[in-house]
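Have a look at the structure below, then the notes.
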Amino acid sequence: MSAMHVTIIGAGLGGLCLAQGLRRAGVAFDVYERDTAPEARFQGYRLRIDADGLDALAQCLPAAHVERVRERAAVARTGGRFVTPQLANADVILPPSWHDAHTDESVTEHRRRTCPATGHPEPHAPDIPGDVSVHRQTLREILLDGIRDRVHFGKSFARTTTTDDGRRVAHFEDGSHGAPGLIVAADGTHSRVREYVLPGMTPRDTGDVCIYGLTPLSTALLVLMDAHGEAATMEGSTVVFADGFAVIVQAMLFRRAPAANRPPPEGTDPARMPLSPVADYLYWAFIGPSHRLLGTRHAGTEMSGAAALARIETLTQGWHPHLGSLFAHAVPETIRTMPVRSTTSPLPWQIDNVTGLGDAVHTMSPAGGLGANTALRDAARLAYHLQSVARGHLPLPQAIAAYERDMCERAREAVRLADAGAALLAARRHTSPPSSRSASDAMHL
């Protein structure tokens, strides 16, 4: 192996997945994160990992880590269903990214395409399930496990300098700096690295927002749901298609990990990362135009807590009482509002010894459920290319150019699919019964 060093800016899912892949490949790395600790900032709730995302994790993580992802995923009892606010079947035609196309054959084909050196895929993770839903913080903790001593918190990126031989050095606001080498921007939609090397490439505001939160699964809520005779939201994913916006509901019901599978107590190994306990909950997210969800008075502003819950009550007036119960029992402190941003056409950066992955390069709407999976695939592909460099098979500039071409091609398709999903969710719909609609009223994308 060469003495190449990789500095990763950002300890989100993509950056940590890359770090795990580099550790597996024997490539030196350090991760720098501006948060002061892993739990310092709110990380979000439910996250859907598809077959491509799981395959990327399997390429980068030890097998035991991948097994922990599966063990800690929510139990999926049934597939998704698509309904109206009165819980009748919704008459919609879904975009491609929403179909269950993640078969074993598609994963095998993906592996064949991403193993050009041999032309034959390695059996990274046999029998990968189509989709799993995980708690975001749990996945982040699993990605930190084993590399905690290489992740440096409280480090805000400031600038870069270049050594005489062309390697980049990352400098931080506290006056410290990293080792010379390659810098990877993995610091999200508001990437400081991107803004430093390519100012003005900020993702556009789409005009949509996402209001999301959770409802704990209390005994009182279960009794109330049963009294309404409708508990199907406990059985998987539900998408409620309203007029001009939509709501996604996901039951997050977790297995209880046996004591034998729990990591050693904290302090026994500085690289180990214990997993925080997570209680069962119902995750929900409203997505649609800002003026529709927040009202004209609040459009473009953040809304959270009791104010957001009051707005949700207004939006869902007249809905099926089962859905009303769900939102009435939500915890105001868990509610957040996030503007939806998107990178119109992701392009290769083509900057010496600086590259990026995930939202730092290609922010997209959450409507397609592809953002995190695309970032994980970026990490796996970049780790693959950097391993080739470390083994002397490829010069670094050529490897980064190949990675960025592939990454941007995949990202453009993911952004397109995410935009199609957002258009479906935000569509204006007729209130007349399905039987009175013409064929042209169906949603085609």
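Each chain in the structure tokens gets a letter, A, B and so on, in the order shown; residues start at 1 in every chain, and ligands are counted from 1 in the order they appear.
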Hey, what does DSSP flag as alpha helix (DSSP H) within region 251-399 of chain A? Can you give it to me as an mmCIF file with all heavy atoms, in the first residue's frame?
```cif
data_model
loop_
_atom_site.group_PDB
_atom_site.id
_atom_site.type_symbol
_atom_site.label_atom_id
_atom_site.label_comp_id
_atom_site.auth_asym_id
_atom_site.auth_seq_id
_atom_site.Cartn_x
_atom_site.Cartn_y
_atom_site.Cartn_z
ATOM 1 N N SER A 290 -44.362 24.798 0.216
ATOM 2 C CA SER A 290 -44.302 25.536 1.472
ATOM 3 C C SER A 290 -45.592 26.296 1.751
ATOM 4 O O SER A 290 -46.116 26.261 2.868
ATOM 5 C CB SER A 290 -43.114 26.502 1.438
ATOM 6 O OG SER A 290 -43.092 27.329 2.576
ATOM 7 N N HIS A 291 -46.139 26.969 0.737
ATOM 8 C CA HIS A 291 -47.350 27.766 0.967
ATOM 9 C C HIS A 291 -48.541 26.883 1.311
ATOM 10 O O HIS A 291 -49.465 27.313 1.991
ATOM 11 C CB HIS A 291 -47.658 28.622 -0.270
ATOM 12 C CG HIS A 291 -48.007 27.829 -1.493
ATOM 13 N ND1 HIS A 291 -49.270 27.348 -1.758
ATOM 14 C CD2 HIS A 291 -47.230 27.421 -2.540
ATOM 15 C CE1 HIS A 291 -49.269 26.680 -2.889
ATOM 16 N NE2 HIS A 291 -48.050 26.702 -3.393
ATOM 17 N N ARG A 292 -48.515 25.625 0.830
ATOM 18 C CA ARG A 292 -49.625 24.713 1.116
ATOM 19 C C ARG A 292 -49.512 24.134 2.522
ATOM 20 O O ARG A 292 -50.503 24.036 3.239
ATOM 21 C CB ARG A 292 -49.623 23.584 0.075
ATOM 22 C CG ARG A 292 -50.784 22.593 0.223
ATOM 23 C CD ARG A 292 -52.076 23.179 -0.289
ATOM 24 N NE ARG A 292 -53.176 22.217 -0.207
ATOM 25 C CZ ARG A 292 -53.997 22.105 0.835
ATOM 26 N NH1 ARG A 292 -53.831 22.904 1.887
ATOM 27 N NH2 ARG A 292 -54.974 21.224 0.830
ATOM 28 N N LEU A 293 -48.321 23.757 2.927
ATOM 29 C CA LEU A 293 -48.144 23.126 4.231
ATOM 30 C C LEU A 293 -48.042 24.135 5.369
ATOM 31 O O LEU A 293 -48.564 23.909 6.459
ATOM 32 C CB LEU A 293 -46.906 22.234 4.223
ATOM 33 C CG LEU A 293 -46.999 20.950 3.393
ATOM 34 C CD1 LEU A 293 -45.725 20.137 3.531
ATOM 35 C CD2 LEU A 293 -48.202 20.109 3.810
ATOM 36 N N LEU A 294 -47.357 25.242 5.140
ATOM 37 C CA LEU A 294 -47.135 26.212 6.219
ATOM 38 C C LEU A 294 -48.118 27.364 6.176
ATOM 39 O O LEU A 294 -48.253 28.093 7.167
ATOM 40 C CB LEU A 294 -45.706 26.761 6.153
ATOM 41 C CG LEU A 294 -44.577 25.719 6.217
ATOM 42 C CD1 LEU A 294 -43.224 26.419 6.197
ATOM 43 C CD2 LEU A 294 -44.708 24.851 7.454
ATOM 44 N N GLY A 305 -42.462 22.261 16.785
ATOM 45 C CA GLY A 305 -43.136 22.181 18.063
ATOM 46 C C GLY A 305 -44.637 22.339 17.981
ATOM 47 O O GLY A 305 -45.298 21.855 17.059
ATOM 48 N N ALA A 306 -45.207 23.065 18.967
ATOM 49 C CA ALA A 306 -46.651 23.216 19.079
ATOM 50 C C ALA A 306 -47.240 23.937 17.874
ATOM 51 O O ALA A 306 -48.356 23.624 17.432
ATOM 52 C CB ALA A 306 -46.986 23.963 20.364
ATOM 53 N N ALA A 307 -46.510 24.902 17.315
ATOM 54 C CA ALA A 307 -47.022 25.630 16.150
ATOM 55 C C ALA A 307 -47.184 24.696 14.960
ATOM 56 O O ALA A 307 -48.184 24.757 14.235
ATOM 57 C CB ALA A 307 -46.081 26.785 15.797
ATOM 58 N N ALA A 308 -46.211 23.820 14.744
ATOM 59 C CA ALA A 308 -46.298 22.863 13.645
ATOM 60 C C ALA A 308 -47.435 21.879 13.880
ATOM 61 O O ALA A 308 -48.162 21.522 12.944
ATOM 62 C CB ALA A 308 -44.974 22.119 13.488
ATOM 63 N N LEU A 309 -47.611 21.444 15.122
ATOM 64 C CA LEU A 309 -48.677 20.499 15.433
ATOM 65 C C LEU A 309 -50.050 21.141 15.201
ATOM 66 O O LEU A 309 -50.980 20.488 14.701
ATOM 67 C CB LEU A 309 -48.540 20.023 16.877
ATOM 68 C CG LEU A 309 -49.262 18.720 17.247
ATOM 69 C CD1 LEU A 309 -48.868 17.603 16.291
ATOM 70 C CD2 LEU A 309 -48.935 18.335 18.681
ATOM 71 N N ALA A 310 -50.174 22.429 15.540
ATOM 72 C CA ALA A 310 -51.438 23.135 15.294
ATOM 73 C C ALA A 310 -51.714 23.247 13.796
ATOM 74 O O ALA A 310 -52.864 23.109 13.346
ATOM 75 C CB ALA A 310 -51.380 24.525 15.926
ATOM 76 N N ARG A 311 -50.669 23.483 13.017
ATOM 77 C CA ARG A 311 -50.832 23.567 11.574
ATOM 78 C C ARG A 311 -51.250 22.214 11.000
ATOM 79 O O ARG A 311 -52.114 22.128 10.113
ATOM 80 C CB ARG A 311 -49.524 24.032 10.925
ATOM 81 C CG ARG A 311 -49.583 24.149 9.408
ATOM 82 C CD ARG A 311 -50.635 25.133 8.950
ATOM 83 N NE ARG A 311 -50.753 25.141 7.489
ATOM 84 C CZ ARG A 311 -51.729 25.749 6.838
ATOM 85 N NH1 ARG A 311 -52.679 26.402 7.493
ATOM 86 N NH2 ARG A 311 -51.779 25.709 5.521
ATOM 87 N N ILE A 312 -50.667 21.129 11.518
ATOM 88 C CA ILE A 312 -51.035 19.780 11.079
ATOM 89 C C ILE A 312 -52.502 19.492 11.392
ATOM 90 O O ILE A 312 -53.224 18.897 10.586
ATOM 91 C CB ILE A 312 -50.107 18.741 11.743
ATOM 92 C CG1 ILE A 312 -48.713 18.825 11.128
ATOM 93 C CG2 ILE A 312 -50.669 17.329 11.612
ATOM 94 C CD1 ILE A 312 -47.669 18.024 11.863
ATOM 95 N N GLU A 313 -52.956 19.954 12.549
ATOM 96 C CA GLU A 313 -54.359 19.766 12.914
ATOM 97 C C GLU A 313 -55.273 20.450 11.899
ATOM 98 O O GLU A 313 -56.318 19.909 11.509
ATOM 99 C CB GLU A 313 -54.614 20.307 14.317
ATOM 100 C CG GLU A 313 -56.033 20.091 14.809
ATOM 101 C CD GLU A 313 -56.244 20.606 16.218
ATOM 102 O OE1 GLU A 313 -55.274 21.082 16.832
ATOM 103 O OE2 GLU A 313 -57.397 20.548 16.699
ATOM 104 N N THR A 314 -54.880 21.639 11.453
ATOM 105 C CA THR A 314 -55.665 22.362 10.453
ATOM 106 C C THR A 314 -55.660 21.618 9.119
ATOM 107 O O THR A 314 -56.702 21.469 8.462
ATOM 108 C CB THR A 314 -55.098 23.779 10.258
ATOM 109 O OG1 THR A 314 -55.180 24.496 11.491
ATOM 110 C CG2 THR A 314 -55.861 24.531 9.168
ATOM 111 N N LEU A 315 -54.473 21.125 8.705
ATOM 112 C CA LEU A 315 -54.338 20.436 7.424
ATOM 113 C C LEU A 315 -55.147 19.145 7.378
ATOM 114 O O LEU A 315 -55.588 18.716 6.315
ATOM 115 C CB LEU A 315 -52.862 20.127 7.139
ATOM 116 C CG LEU A 315 -51.958 21.309 6.818
ATOM 117 C CD1 LEU A 315 -50.498 20.871 6.843
ATOM 118 C CD2 LEU A 315 -52.304 21.895 5.447
ATOM 119 N N PRO A 321 -60.534 9.428 11.466
ATOM 120 C CA PRO A 321 -60.144 9.616 12.874
ATOM 121 C C PRO A 321 -58.901 8.837 13.282
ATOM 122 O O PRO A 321 -58.205 9.230 14.223
ATOM 123 C CB PRO A 321 -61.377 9.138 13.647
ATOM 124 C CG PRO A 321 -62.180 8.339 12.673
ATOM 125 C CD PRO A 321 -61.915 8.927 11.331
ATOM 126 N N HIS A 322 -58.601 7.746 12.592
ATOM 127 C CA HIS A 322 -57.376 7.013 12.907
ATOM 128 C C HIS A 322 -56.146 7.876 12.677
ATOM 129 O O HIS A 322 -55.226 7.929 13.505
ATOM 130 C CB HIS A 322 -57.295 5.749 12.049
ATOM 131 C CG HIS A 322 -55.986 5.035 12.174
ATOM 132 N ND1 HIS A 322 -55.546 4.500 13.358
ATOM 133 C CD2 HIS A 322 -55.015 4.793 11.263
ATOM 134 C CE1 HIS A 322 -54.355 3.944 13.172
ATOM 135 N NE2 HIS A 322 -54.016 4.111 11.916
ATOM 136 N N LEU A 323 -56.137 8.608 11.555
ATOM 137 C CA LEU A 323 -55.019 9.502 11.269
ATOM 138 C C LEU A 323 -55.017 10.674 12.240
ATOM 139 O O LEU A 323 -53.956 11.131 12.675
ATOM 140 C CB LEU A 323 -55.103 9.993 9.827
ATOM 141 C CG LEU A 323 -54.910 8.911 8.751
ATOM 142 C CD1 LEU A 323 -55.235 9.469 7.372
ATOM 143 C CD2 LEU A 323 -53.501 8.361 8.798
ATOM 144 N N GLY A 324 -56.210 11.159 12.582
ATOM 145 C CA GLY A 324 -56.289 12.231 13.577
ATOM 146 C C GLY A 324 -55.682 11.814 14.898
ATOM 147 O O GLY A 324 -54.977 12.599 15.551
ATOM 148 N N SER A 325 -55.917 10.572 15.328
ATOM 149 C CA SER A 325 -55.340 10.072 16.582
ATOM 150 C C SER A 325 -53.822 10.050 16.510
ATOM 151 O O SER A 325 -53.118 10.396 17.462
ATOM 152 C CB SER A 325 -55.809 8.648 16.886
ATOM 153 O OG SER A 325 -57.126 8.445 16.551
ATOM 154 N N LEU A 326 -53.330 9.626 15.352
ATOM 155 C CA LEU A 326 -51.879 9.525 15.165
ATOM 156 C C LEU A 326 -51.199 10.863 15.402
ATOM 157 O O LEU A 326 -50.225 10.969 16.160
ATOM 158 C CB LEU A 326 -51.605 9.013 13.751
ATOM 159 C CG LEU A 326 -50.174 9.121 13.231
ATOM 160 C CD1 LEU A 326 -49.241 8.272 14.072
ATOM 161 C CD2 LEU A 326 -50.116 8.697 11.772
ATOM 162 N N PHE A 327 -51.719 11.928 14.789
ATOM 163 C CA PHE A 327 -51.081 13.233 14.918
ATOM 164 C C PHE A 327 -51.384 13.896 16.261
ATOM 165 O O PHE A 327 -50.553 14.626 16.800
ATOM 166 C CB PHE A 327 -51.497 14.133 13.757
ATOM 167 C CG PHE A 327 -51.178 13.540 12.409
ATOM 168 C CD1 PHE A 327 -52.163 13.383 11.447
ATOM 169 C CD2 PHE A 327 -49.897 13.100 12.113
ATOM 170 C CE1 PHE A 327 -51.879 12.816 10.210
ATOM 171 C CE2 PHE A 327 -49.596 12.531 10.879
ATOM 172 C CZ PHE A 327 -50.587 12.388 9.931
ATOM 173 N N ALA A 328 -52.563 13.626 16.826
ATOM 174 C CA ALA A 328 -52.912 14.209 18.121
ATOM 175 C C ALA A 328 -51.980 13.720 19.226
ATOM 176 O O ALA A 328 -51.749 14.430 20.211
ATOM 177 C CB ALA A 328 -54.357 13.881 18.463
ATOM 178 N N ASP A 359 -24.819 14.606 -0.334
ATOM 179 C CA ASP A 359 -25.499 15.894 -0.489
ATOM 180 C C ASP A 359 -24.551 17.050 -0.765
ATOM 181 O O ASP A 359 -24.988 18.088 -1.278
ATOM 182 C CB ASP A 359 -26.315 16.208 0.773
ATOM 183 C CG ASP A 359 -27.575 15.368 0.881
ATOM 184 O OD1 ASP A 359 -27.971 14.767 -0.128
ATOM 185 O OD2 ASP A 359 -28.164 15.314 1.976
ATOM 186 N N ALA A 360 -23.291 16.908 -0.440
ATOM 187 C CA ALA A 360 -22.336 17.974 -0.751
ATOM 188 C C ALA A 360 -22.238 18.195 -2.254
ATOM 189 O O ALA A 360 -21.942 19.303 -2.713
ATOM 190 C CB ALA A 360 -20.957 17.635 -0.187
ATOM 191 N N VAL A 361 -22.520 17.141 -3.045
ATOM 192 C CA VAL A 361 -22.437 17.226 -4.500
ATOM 193 C C VAL A 361 -23.820 17.213 -5.139
ATOM 194 O O VAL A 361 -24.066 17.911 -6.113
ATOM 195 C CB VAL A 361 -21.609 16.049 -5.072
ATOM 196 C CG1 VAL A 361 -21.427 16.201 -6.578
ATOM 197 C CG2 VAL A 361 -20.260 15.946 -4.378
ATOM 198 N N HIS A 362 -24.738 16.403 -4.596
ATOM 199 C CA HIS A 362 -26.028 16.196 -5.262
ATOM 200 C C HIS A 362 -27.175 16.107 -4.256
ATOM 201 O O HIS A 362 -27.750 15.049 -4.037
ATOM 202 C CB HIS A 362 -25.987 14.941 -6.135
ATOM 203 C CG HIS A 362 -25.409 13.730 -5.462
ATOM 204 N ND1 HIS A 362 -26.019 13.078 -4.410
ATOM 205 C CD2 HIS A 362 -24.250 13.062 -5.679
ATOM 206 C CE1 HIS A 362 -25.285 12.052 -4.034
ATOM 207 N NE2 HIS A 362 -24.199 12.018 -4.771
ATOM 208 N N GLY A 371 -31.704 9.704 -1.465
ATOM 209 C CA GLY A 371 -30.560 10.522 -1.071
ATOM 210 C C GLY A 371 -29.504 9.759 -0.301
ATOM 211 O O GLY A 371 -28.319 9.749 -0.664
ATOM 212 N N ALA A 372 -29.902 9.097 0.785
ATOM 213 C CA ALA A 372 -28.939 8.358 1.604
ATOM 214 C C ALA A 372 -28.341 7.192 0.837
ATOM 215 O O ALA A 372 -27.143 6.916 0.931
ATOM 216 C CB ALA A 372 -29.611 7.865 2.883
ATOM 217 N N ASN A 373 -29.175 6.488 0.051
ATOM 218 C CA ASN A 373 -28.679 5.343 -0.708
ATOM 219 C C ASN A 373 -27.664 5.772 -1.755
ATOM 220 O O ASN A 373 -26.668 5.081 -1.992
ATOM 221 C CB ASN A 373 -29.856 4.615 -1.360
ATOM 222 C CG ASN A 373 -30.762 3.957 -0.335
ATOM 223 O OD1 ASN A 373 -30.386 2.995 0.309
ATOM 224 N ND2 ASN A 373 -31.952 4.511 -0.161
ATOM 225 N N THR A 374 -27.895 6.914 -2.394
ATOM 226 C CA THR A 374 -26.942 7.420 -3.376
ATOM 227 C C THR A 374 -25.624 7.792 -2.701
ATOM 228 O O THR A 374 -24.545 7.519 -3.236
ATOM 229 C CB THR A 374 -27.526 8.632 -4.113
ATOM 230 O OG1 THR A 374 -28.804 8.285 -4.655
ATOM 231 C CG2 THR A 374 -26.627 9.073 -5.248
ATOM 232 N N ALA A 375 -25.693 8.387 -1.509
ATOM 233 C CA ALA A 375 -24.483 8.738 -0.769
ATOM 234 C C ALA A 375 -23.692 7.483 -0.377
ATOM 235 O O ALA A 375 -22.451 7.461 -0.455
ATOM 236 C CB ALA A 375 -24.837 9.545 0.471
ATOM 237 N N LEU A 376 -24.387 6.429 0.046
ATOM 238 C CA LEU A 376 -23.700 5.190 0.403
ATOM 239 C C LEU A 376 -23.039 4.558 -0.816
ATOM 240 O O LEU A 376 -21.912 4.038 -0.733
ATOM 241 C CB LEU A 376 -24.685 4.216 1.040
ATOM 242 C CG LEU A 376 -25.284 4.640 2.389
ATOM 243 C CD1 LEU A 376 -26.339 3.638 2.845
ATOM 244 C CD2 LEU A 376 -24.204 4.789 3.462
ATOM 245 N N ARG A 377 -23.711 4.616 -1.952
ATOM 246 C CA ARG A 377 -23.095 4.095 -3.178
ATOM 247 C C ARG A 377 -21.885 4.928 -3.567
ATOM 248 O O ARG A 377 -20.869 4.382 -4.019
ATOM 249 C CB ARG A 377 -24.119 4.080 -4.316
ATOM 250 C CG ARG A 377 -25.234 3.058 -4.135
ATOM 251 C CD ARG A 377 -26.165 3.038 -5.333
ATOM 252 N NE ARG A 377 -25.515 2.511 -6.524
ATOM 253 C CZ ARG A 377 -26.075 2.493 -7.736
ATOM 254 N NH1 ARG A 377 -27.302 2.979 -7.900
ATOM 255 N NH2 ARG A 377 -25.433 1.992 -8.774
ATOM 256 N N ASP A 378 -21.966 6.250 -3.410
ATOM 257 C CA ASP A 378 -20.788 7.098 -3.647
ATOM 258 C C ASP A 378 -19.613 6.626 -2.802
ATOM 259 O O ASP A 378 -18.481 6.499 -3.293
ATOM 260 C CB ASP A 378 -21.094 8.551 -3.271
ATOM 261 C CG ASP A 378 -22.083 9.231 -4.185
ATOM 262 O OD1 ASP A 378 -22.406 8.676 -5.247
ATOM 263 O OD2 ASP A 378 -22.540 10.335 -3.820
ATOM 264 N N ALA A 379 -19.874 6.393 -1.520
ATOM 265 C CA ALA A 379 -18.813 5.990 -0.597
ATOM 266 C C ALA A 379 -18.165 4.683 -1.029
ATOM 267 O O ALA A 379 -16.933 4.546 -1.028
ATOM 268 C CB ALA A 379 -19.372 5.867 0.815
ATOM 269 N N ALA A 380 -18.994 3.705 -1.403
ATOM 270 C CA ALA A 380 -18.452 2.407 -1.810
ATOM 271 C C ALA A 380 -17.622 2.526 -3.079
ATOM 272 O O ALA A 380 -16.540 1.925 -3.187
ATOM 273 C CB ALA A 380 -19.599 1.418 -2.010
ATOM 274 N N ARG A 381 -18.100 3.309 -4.053
ATOM 275 C CA ARG A 381 -17.347 3.464 -5.302
ATOM 276 C C ARG A 381 -16.057 4.231 -5.080
ATOM 277 O O ARG A 381 -15.018 3.897 -5.662
ATOM 278 C CB ARG A 381 -18.222 4.171 -6.353
ATOM 279 C CG ARG A 381 -19.458 3.413 -6.770
ATOM 280 C CD ARG A 381 -19.142 1.994 -7.242
ATOM 281 N NE ARG A 381 -18.213 1.983 -8.351
ATOM 282 C CZ ARG A 381 -17.226 1.104 -8.482
ATOM 283 N NH1 ARG A 381 -17.028 0.182 -7.563
ATOM 284 N NH2 ARG A 381 -16.422 1.151 -9.532
ATOM 285 N N LEU A 382 -16.099 5.281 -4.261
ATOM 286 C CA LEU A 382 -14.886 6.049 -4.006
ATOM 287 C C LEU A 382 -13.862 5.190 -3.256
ATOM 288 O O LEU A 382 -12.661 5.229 -3.571
ATOM 289 C CB LEU A 382 -15.218 7.311 -3.210
ATOM 290 C CG LEU A 382 -14.048 8.256 -2.928
ATOM 291 C CD1 LEU A 382 -13.303 8.629 -4.205
ATOM 292 C CD2 LEU A 382 -14.540 9.517 -2.210
ATOM 293 N N ALA A 383 -14.305 4.407 -2.292
ATOM 294 C CA ALA A 383 -13.388 3.509 -1.575
ATOM 295 C C ALA A 383 -12.742 2.525 -2.539
ATOM 296 O O ALA A 383 -11.539 2.225 -2.444
ATOM 297 C CB ALA A 383 -14.135 2.772 -0.470
ATOM 298 N N TYR A 384 -13.529 2.013 -3.489
ATOM 299 C CA TYR A 384 -13.004 1.072 -4.483
ATOM 300 C C TYR A 384 -11.899 1.732 -5.314
ATOM 301 O O TYR A 384 -10.820 1.163 -5.526
ATOM 302 C CB TYR A 384 -14.147 0.586 -5.375
ATOM 303 C CG TYR A 384 -13.698 -0.205 -6.575
ATOM 304 C CD1 TYR A 384 -13.422 -1.571 -6.474
ATOM 305 C CD2 TYR A 384 -13.544 0.415 -7.818
ATOM 306 C CE1 TYR A 384 -13.001 -2.296 -7.583
ATOM 307 C CE2 TYR A 384 -13.127 -0.302 -8.926
ATOM 308 C CZ TYR A 384 -12.856 -1.655 -8.806
ATOM 309 O OH TYR A 384 -12.430 -2.354 -9.906
ATOM 310 N N HIS A 385 -12.154 2.941 -5.807
ATOM 311 C CA HIS A 385 -11.167 3.638 -6.632
ATOM 312 C C HIS A 385 -9.917 3.988 -5.831
ATOM 313 O O HIS A 385 -8.792 3.876 -6.349
ATOM 314 C CB HIS A 385 -11.789 4.898 -7.224
ATOM 315 C CG HIS A 385 -12.705 4.638 -8.382
ATOM 316 N ND1 HIS A 385 -12.266 4.197 -9.612
ATOM 317 C CD2 HIS A 385 -14.056 4.749 -8.496
ATOM 318 C CE1 HIS A 385 -13.296 4.050 -10.434
ATOM 319 N NE2 HIS A 385 -14.396 4.391 -9.782
ATOM 320 N N LEU A 386 -10.090 4.410 -4.587
ATOM 321 C CA LEU A 386 -8.930 4.783 -3.782
ATOM 322 C C LEU A 386 -8.096 3.564 -3.398
ATOM 323 O O LEU A 386 -6.871 3.662 -3.232
ATOM 324 C CB LEU A 386 -9.380 5.549 -2.539
ATOM 325 C CG LEU A 386 -10.011 6.919 -2.827
ATOM 326 C CD1 LEU A 386 -10.438 7.598 -1.534
ATOM 327 C CD2 LEU A 386 -9.053 7.817 -3.612
ATOM 328 N N GLN A 387 -8.725 2.415 -3.252
ATOM 329 C CA GLN A 387 -7.966 1.194 -3.015
ATOM 330 C C GLN A 387 -7.081 0.891 -4.229
ATOM 331 O O GLN A 387 -5.922 0.468 -4.076
ATOM 332 C CB GLN A 387 -8.896 0.025 -2.746
ATOM 333 C CG GLN A 387 -8.157 -1.278 -2.427
ATOM 334 C CD GLN A 387 -9.104 -2.424 -2.171
ATOM 335 O OE1 GLN A 387 -10.109 -2.567 -2.870
ATOM 336 N NE2 GLN A 387 -8.814 -3.235 -1.177
ATOM 337 N N SER A 388 -7.587 1.111 -5.430
ATOM 338 C CA SER A 388 -6.782 0.908 -6.638
ATOM 339 C C SER A 388 -5.572 1.835 -6.664
ATOM 340 O O SER A 388 -4.481 1.451 -7.081
ATOM 341 C CB SER A 388 -7.638 1.138 -7.891
ATOM 342 O OG SER A 388 -8.687 0.192 -7.969
ATOM 343 N N VAL A 389 -5.775 3.078 -6.209
ATOM 344 C CA VAL A 389 -4.665 4.029 -6.140
ATOM 345 C C VAL A 389 -3.630 3.556 -5.123
ATOM 346 O O VAL A 389 -2.421 3.546 -5.392
ATOM 347 C CB VAL A 389 -5.185 5.428 -5.771
ATOM 348 C CG1 VAL A 389 -4.015 6.397 -5.561
ATOM 349 C CG2 VAL A 389 -6.125 5.950 -6.852
ATOM 350 N N ALA A 390 -4.098 3.158 -3.936
ATOM 351 C CA ALA A 390 -3.184 2.739 -2.879
ATOM 352 C C ALA A 390 -2.364 1.521 -3.282
ATOM 353 O O ALA A 390 -1.209 1.371 -2.866
ATOM 354 C CB ALA A 390 -3.970 2.441 -1.603
ATOM 355 N N LEU A 396 -3.933 8.806 -8.843
ATOM 356 C CA LEU A 396 -5.046 9.429 -8.144
ATOM 357 C C LEU A 396 -5.905 10.314 -9.045
ATOM 358 O O LEU A 396 -7.147 10.200 -9.009
ATOM 359 C CB LEU A 396 -4.539 10.235 -6.938
ATOM 360 C CG LEU A 396 -5.616 10.930 -6.099
ATOM 361 C CD1 LEU A 396 -6.587 9.909 -5.519
ATOM 362 C CD2 LEU A 396 -4.964 11.748 -4.973
ATOM 363 N N PRO A 397 -5.338 11.203 -9.873
ATOM 364 C CA PRO A 397 -6.199 12.050 -10.716
ATOM 365 C C PRO A 397 -7.116 11.230 -11.627
ATOM 366 O O PRO A 397 -8.283 11.579 -11.809
ATOM 367 C CB PRO A 397 -5.208 12.886 -11.527
ATOM 368 C CG PRO A 397 -3.969 12.909 -10.693
ATOM 369 C CD PRO A 397 -3.910 11.565 -10.033
ATOM 370 N N GLN A 398 -6.596 10.132 -12.195
ATOM 371 C CA GLN A 398 -7.402 9.298 -13.074
ATOM 372 C C GLN A 398 -8.514 8.596 -12.290
ATOM 373 O O GLN A 398 -9.651 8.483 -12.760
ATOM 374 C CB GLN A 398 -6.512 8.265 -13.765
ATOM 375 C CG GLN A 398 -7.234 7.415 -14.790
ATOM 376 C CD GLN A 398 -6.289 6.448 -15.495
ATOM 377 O OE1 GLN A 398 -5.072 6.668 -15.535
ATOM 378 N NE2 GLN A 398 -6.839 5.373 -16.044
ATOM 379 N N ALA A 399 -8.190 8.154 -11.081
ATOM 380 C CA ALA A 399 -9.188 7.477 -10.247
ATOM 381 C C ALA A 399 -10.312 8.426 -9.854
ATOM 382 O O ALA A 399 -11.493 8.063 -9.904
ATOM 383 C CB ALA A 399 -8.515 6.904 -9.006
#
```
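On the backbone of this structure, DSSP gives strand (DSSP E or B) within region 305-418 of chain A to Arg336, Thr337, Met338, Pro339, Val340, Arg341, Ser342, Ile351, Val354, Thr355 and Gly356 of chain A.
Using only C-alpha atoms, the nearest neighbour of Asp205 (chain A) within the list A:Val83, A:Leu347, A:Met364, A:Val134 is A:Met364.
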Task: Nearest candidate to Thr160 (chain A) (options A:Thr138, A:Pro395, A:Gly26, A:Val184; using only C-alpha atoms) - done: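 Between A:Thr138, A:Pro395, A:Gly26, A:Val184, the residue approaching Thr160 (chain A) most closely is A:Val184.
Of the residues listed (A:Leu221, A:Ile287, A:Arg341, A:Thr161), A:Ile287 shows the shortest atom-to-atom separation from Asp243 (chain A); distances use only C-alpha atoms.
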- [ ] Could you check how far CA of Gly181 (chain A) sits from CA of Arg168 (chain A), in Å to one decimal?
- [x] 5.2 Å
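Considering only C-alpha atoms, the residue among A:His135, A:Arg255, A:Arg140, A:Arg336 positioned nearest to His65 (chain A) is A:Arg140.
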Task: Among listed residues A:Ala427, A:His393, A:Thr355, A:Cys60, nearest Met407 (chain A) (using only C-alpha atoms) - done: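 Closest to Met407 (chain A) of all the choices is A:Thr355.
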Task: Shortest interatomic distance to Asp149 (chain A) - which of A:Leu22, A:Pro366, A:Phe29, A:Arg204, counting only C-alpha atoms - done: A:Phe29
